[in-house]
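Student: What follows is a structure written as structure tokens; I'll ask about it next.
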Amino acid sequence: PKKLRILTFNQHEGYNYELAKTEHAFDVIVPASRGLWKSDWDVRSRPLPPNLRIIGRLPEINVAALSDYDLIVAQTLEQFELIEFHPTPKLLLFHNSLILDRTEWPSREAMYRFNNSNLRQRLNGVVVVYVSEHARDGWGLPGRVIEIGFDARDYARYHWTGEIKSVLTVSHFFQERGRETGFDVHRRVVGDDIPFKIVGHNPQLPNSGPATSWEELRRFYQKHAVYLDPSGGSMAGLEAAAIGMPIVKTRRSTGRHFLTDGYDAYLSTDPDRLRADVLRLLHDRDLARTMGERARRTVARVWGIPRFIALWQDAFADAARSVAVAPPTVAEPTDPADVRGEITMEAAPGDISVGQLGWATVRVRNVGTAVWHGYARDRFAEIR
């Protein structure tokens, strides 16, 4: 495929590291602040690939002025809004589920209604990629799924040995993001008697910290006895499987499951069952080795790097051929008095506590003489 110049953002070192294996030239904009993470590129997570270059950070850099690219890849909705009307072809990559990101929706149906009436129109003609079926189900919008790829060459020197009889989990802000990480499930599984180690940025958890390097992280996978994934679908869990760790994980209610319960992993929604599986693997080293080797083979087959690269080459090619749609120029009313509106409250909540979200239904009517223009990305709808 043609080598492209791609502008993107540093949302996830692990995923960007694998994207670089498509061998395109990537220029990367980094956030102004990343909290506990290194501000530019956190080499503790992955080394910086030679075809990936950090060019600046937000908000100092003017994204709208960057035009010398074949493609712009946004990795969050906020990043997409920065480049939405940029003339360069664009692609939007979703790492997380909308349900996990936006907890204020009163219902799944309300969330989908908003998407169908707003974001769906804005993404018309934009190639959308999700990192998992679970993420696509959460957003409820069309797009292709490209799950992370694992290059067997990156893990060949770290085949599982499991001499540390302890449960390993890798997660950032494990307790703070407990709804999506499965923190409560983890506590029920390990109880007070199963040794465990949590690796990641976790200020509220004692004896927890990030690995100092990718080398150290892979050594953690190699030496610990069992990997516990209470989130049901973390990249770290698959990385552990790529090394040959035996896997115990929560079964998600959405998305596909490529690991098979009782064959190459133990999957359940019952914490007591997961606890029994962890104990079984801790006490039966031969079973643990067999389960881990099966998981390693499944990862190589399903999440192998050749498939990942091929899917991304197709996505990049399709996105680079897309035509950017710019909003039309709208003439402003000559007399501000022509713009008048009438807002009627049709349904409103009662008392609202401090910090509580309230939902209301309002009707808006144009009672002026000028036309209102409603933004819908590819057109301006006239409201009379």
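For the structure tokens, the naming scheme is as follows: chains receive sequential letters (A, B, ...) according to their order of presentation, residues are indexed from 1 within each chain, and ligands are indexed from 1 in presentation order.
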Compile a residue-level contact table for range 226-307 of chain A against range 190-206 of chain A at a cut-off of 10 Å, reporting for every qualifying residue the shortest atom pair and its distance in Å to one decimal, with only C-alpha atoms counted, rows ordered by chain and ascending number, as a tab-separated table.
Tutor:
residue	atom	partner	partner_atom	distance
A:Val226	CA	A:Phe196	CA	9.3
A:Tyr227	CA	A:Phe196	CA	9.6
A:Leu228	CA	A:Phe196	CA	9.3
A:Pro271	CA	A:Val190	CA	9.4
A:Asp272	CA	A:Val190	CA	9.9
A:Leu274	CA	A:Val190	CA	9.4
A:Arg275	CA	A:Val190	CA	6.7
A:Ala276	CA	A:Val190	CA	10.0
A:Val278	CA	A:Val190	CA	8.5
A:Leu279	CA	A:Ile194	CA	8.1
A:Leu282	CA	A:Ile194	CA	9.4
Student: For range 196-272 of chain A against range 295-312 of chain A, with a cut-off of 9 Å and counting only C-alpha atoms, what is the closest atom pair and its distance in Å to one decimal for every residue that makes the cut, ordered by chain and number, as a Markdown table?
Tutor:
| residue | atom | partner | partner_atom | distance |
| --- | --- | --- | --- | --- |
| A:Leu238 | CA | A:Val299 | CA | 7.0 |
| A:Glu239 | CA | A:Val299 | CA | 8.5 |
| A:Ala240 | CA | A:Arg296 | CA | 8.5 |
| A:Ala241 | CA | A:Arg296 | CA | 5.1 |
| A:Ala242 | CA | A:Arg296 | CA | 4.6 |
| A:Ile243 | CA | A:Arg296 | CA | 6.3 |
| A:Gly244 | CA | A:Arg296 | CA | 4.9 |
| A:Met245 | CA | A:Ala295 | CA | 7.6 |
| A:Pro246 | CA | A:Ala295 | CA | 7.1 |
| A:Ile247 | CA | A:Ala295 | CA | 7.6 |
| A:Phe258 | CA | A:Val302 | CA | 7.5 |
| A:Leu259 | CA | A:Thr298 | CA | 7.2 |
| A:Tyr263 | CA | A:Ala295 | CA | 8.4 |
| A:Asp264 | CA | A:Ala295 | CA | 4.7 |
| A:Ala265 | CA | A:Ala295 | CA | 6.7 |
Student: Store the residues picked out above in a file with C-alpha atoms, as an mmCIF file, in the first residue's frame.
Tutor:
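Okay, this is what ended up in again-v7.cif:
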data_model
loop_
_atom_site.group_PDB
_atom_site.id
_atom_site.type_symbol
_atom_site.label_atom_id
_atom_site.label_comp_id
_atom_site.auth_asym_id
_atom_site.auth_seq_id
_atom_site.Cartn_x
_atom_site.Cartn_y
_atom_site.Cartn_z
ATOM 1 C CA LEU A 238 -4.640 -10.590 26.080
ATOM 2 C CA GLU A 239 -1.017 -9.525 26.444
ATOM 3 C CA ALA A 240 -0.717 -11.899 29.408
ATOM 4 C CA ALA A 241 -2.226 -14.672 27.282
ATOM 5 C CA ALA A 242 0.277 -13.912 24.501
ATOM 6 C CA ILE A 243 3.027 -14.850 26.962
ATOM 7 C CA GLY A 244 1.217 -18.060 27.951
ATOM 8 C CA MET A 245 -0.297 -17.069 31.298
ATOM 9 C CA PRO A 246 -3.381 -19.013 32.408
ATOM 10 C CA ILE A 247 -6.337 -16.622 32.255
ATOM 11 C CA PHE A 258 -12.775 -15.929 21.341
ATOM 12 C CA LEU A 259 -11.490 -17.579 24.505
ATOM 13 C CA TYR A 263 -10.372 -24.845 27.236
ATOM 14 C CA ASP A 264 -8.029 -21.834 26.966
ATOM 15 C CA ALA A 265 -9.410 -19.709 29.835
#
Student: At a cut-off of 10 Å, using only C-alpha atoms, what residues contact Leu93 in chain A? Leave out same-chain residues fewer than 2 positions from it and give the result as a count of residues only.
Tutor: 18
Student: Quick check for you: according to DSSP on this backbone, which residues of range 44-264 of chain A are classed as alpha helix (DSSP H)? Reply as a PyMOL selection string.
Tutor: chain A and resi 77-83+98-101+108-114+120-122+133-139+178-181+183-190+214-223+235-243
Student: Write out as an NGL selection string the residues lying within 7 Å of Phe174 in chain A, counting only C-alpha atoms and excluding same-chain residues fewer than 3 positions away.
Tutor: :A and (171 or 177-178 or 181 or 183 or 202)
Student: Mind writing the picked residues with all heavy atoms as a CSV table (one decimal), in the first residue's frame?
Tutor:
chain,number,residue,atom,x,y,z
A,171,SER,N,-4.0,-2.8,35.6
A,171,SER,CA,-5.1,-1.8,35.4
A,171,SER,C,-4.8,-0.5,36.0
A,171,SER,O,-4.2,-0.4,37.1
A,171,SER,CB,-6.4,-2.3,36.1
A,171,SER,OG,-7.5,-1.4,35.9
A,177,ARG,N,-12.1,3.6,38.7
A,177,ARG,CA,-12.9,3.2,37.5
A,177,ARG,C,-13.6,1.8,37.7
A,177,ARG,O,-13.8,1.1,36.8
A,177,ARG,CB,-12.0,3.2,36.3
A,177,ARG,CG,-11.4,4.5,35.9
A,177,ARG,CD,-10.7,4.4,34.6
A,177,ARG,NE,-9.7,3.4,34.6
A,177,ARG,CZ,-9.6,2.4,33.7
A,177,ARG,NH1,-10.6,2.3,32.8
A,177,ARG,NH2,-8.6,1.5,33.8
A,178,GLY,N,-13.9,1.5,39.0
A,178,GLY,CA,-14.4,0.2,39.3
A,178,GLY,C,-15.5,-0.3,38.5
A,178,GLY,O,-15.6,-1.5,38.3
A,181,THR,N,-13.7,-1.6,35.4
A,181,THR,CA,-12.5,-2.4,35.6
A,181,THR,C,-12.9,-3.7,36.4
A,181,THR,O,-12.1,-4.7,36.4
A,181,THR,CB,-11.4,-1.7,36.4
A,181,THR,OG1,-11.9,-1.4,37.7
A,181,THR,CG2,-11.0,-0.4,35.7
A,183,PHE,N,-13.4,-3.9,39.8
A,183,PHE,CA,-12.6,-3.8,41.1
A,183,PHE,C,-13.3,-4.7,42.2
A,183,PHE,O,-12.7,-5.4,42.9
A,183,PHE,CB,-12.5,-2.4,41.5
A,183,PHE,CG,-11.8,-2.3,42.9
A,183,PHE,CD1,-10.4,-2.4,43.0
A,183,PHE,CD2,-12.5,-2.0,44.0
A,183,PHE,CE1,-9.7,-2.3,44.2
A,183,PHE,CE2,-11.9,-1.9,45.3
A,183,PHE,CZ,-10.5,-2.0,45.3
A,202,ASN,N,-2.3,3.6,40.4
A,202,ASN,CA,-3.4,3.4,41.4
A,202,ASN,C,-3.1,4.1,42.7
A,202,ASN,O,-2.7,3.5,43.7
A,202,ASN,CB,-3.7,1.9,41.6
A,202,ASN,CG,-4.2,1.2,40.4
A,202,ASN,OD1,-5.3,1.4,40.0
A,202,ASN,ND2,-3.3,0.4,39.7
Student: Nearest residue to Val248 in chain A out of A:Ser268, A:Asn366, A:Gln121, A:Ser208, using only C-alpha atoms?
Tutor: A:Ser268
Student: Hey, can you check how far CA of Met291 in chain A sits from CA of Gly162 in chain A?
Tutor: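 CA of Met291 in chain A sits 12.5 Å away from CA of Gly162 in chain A.
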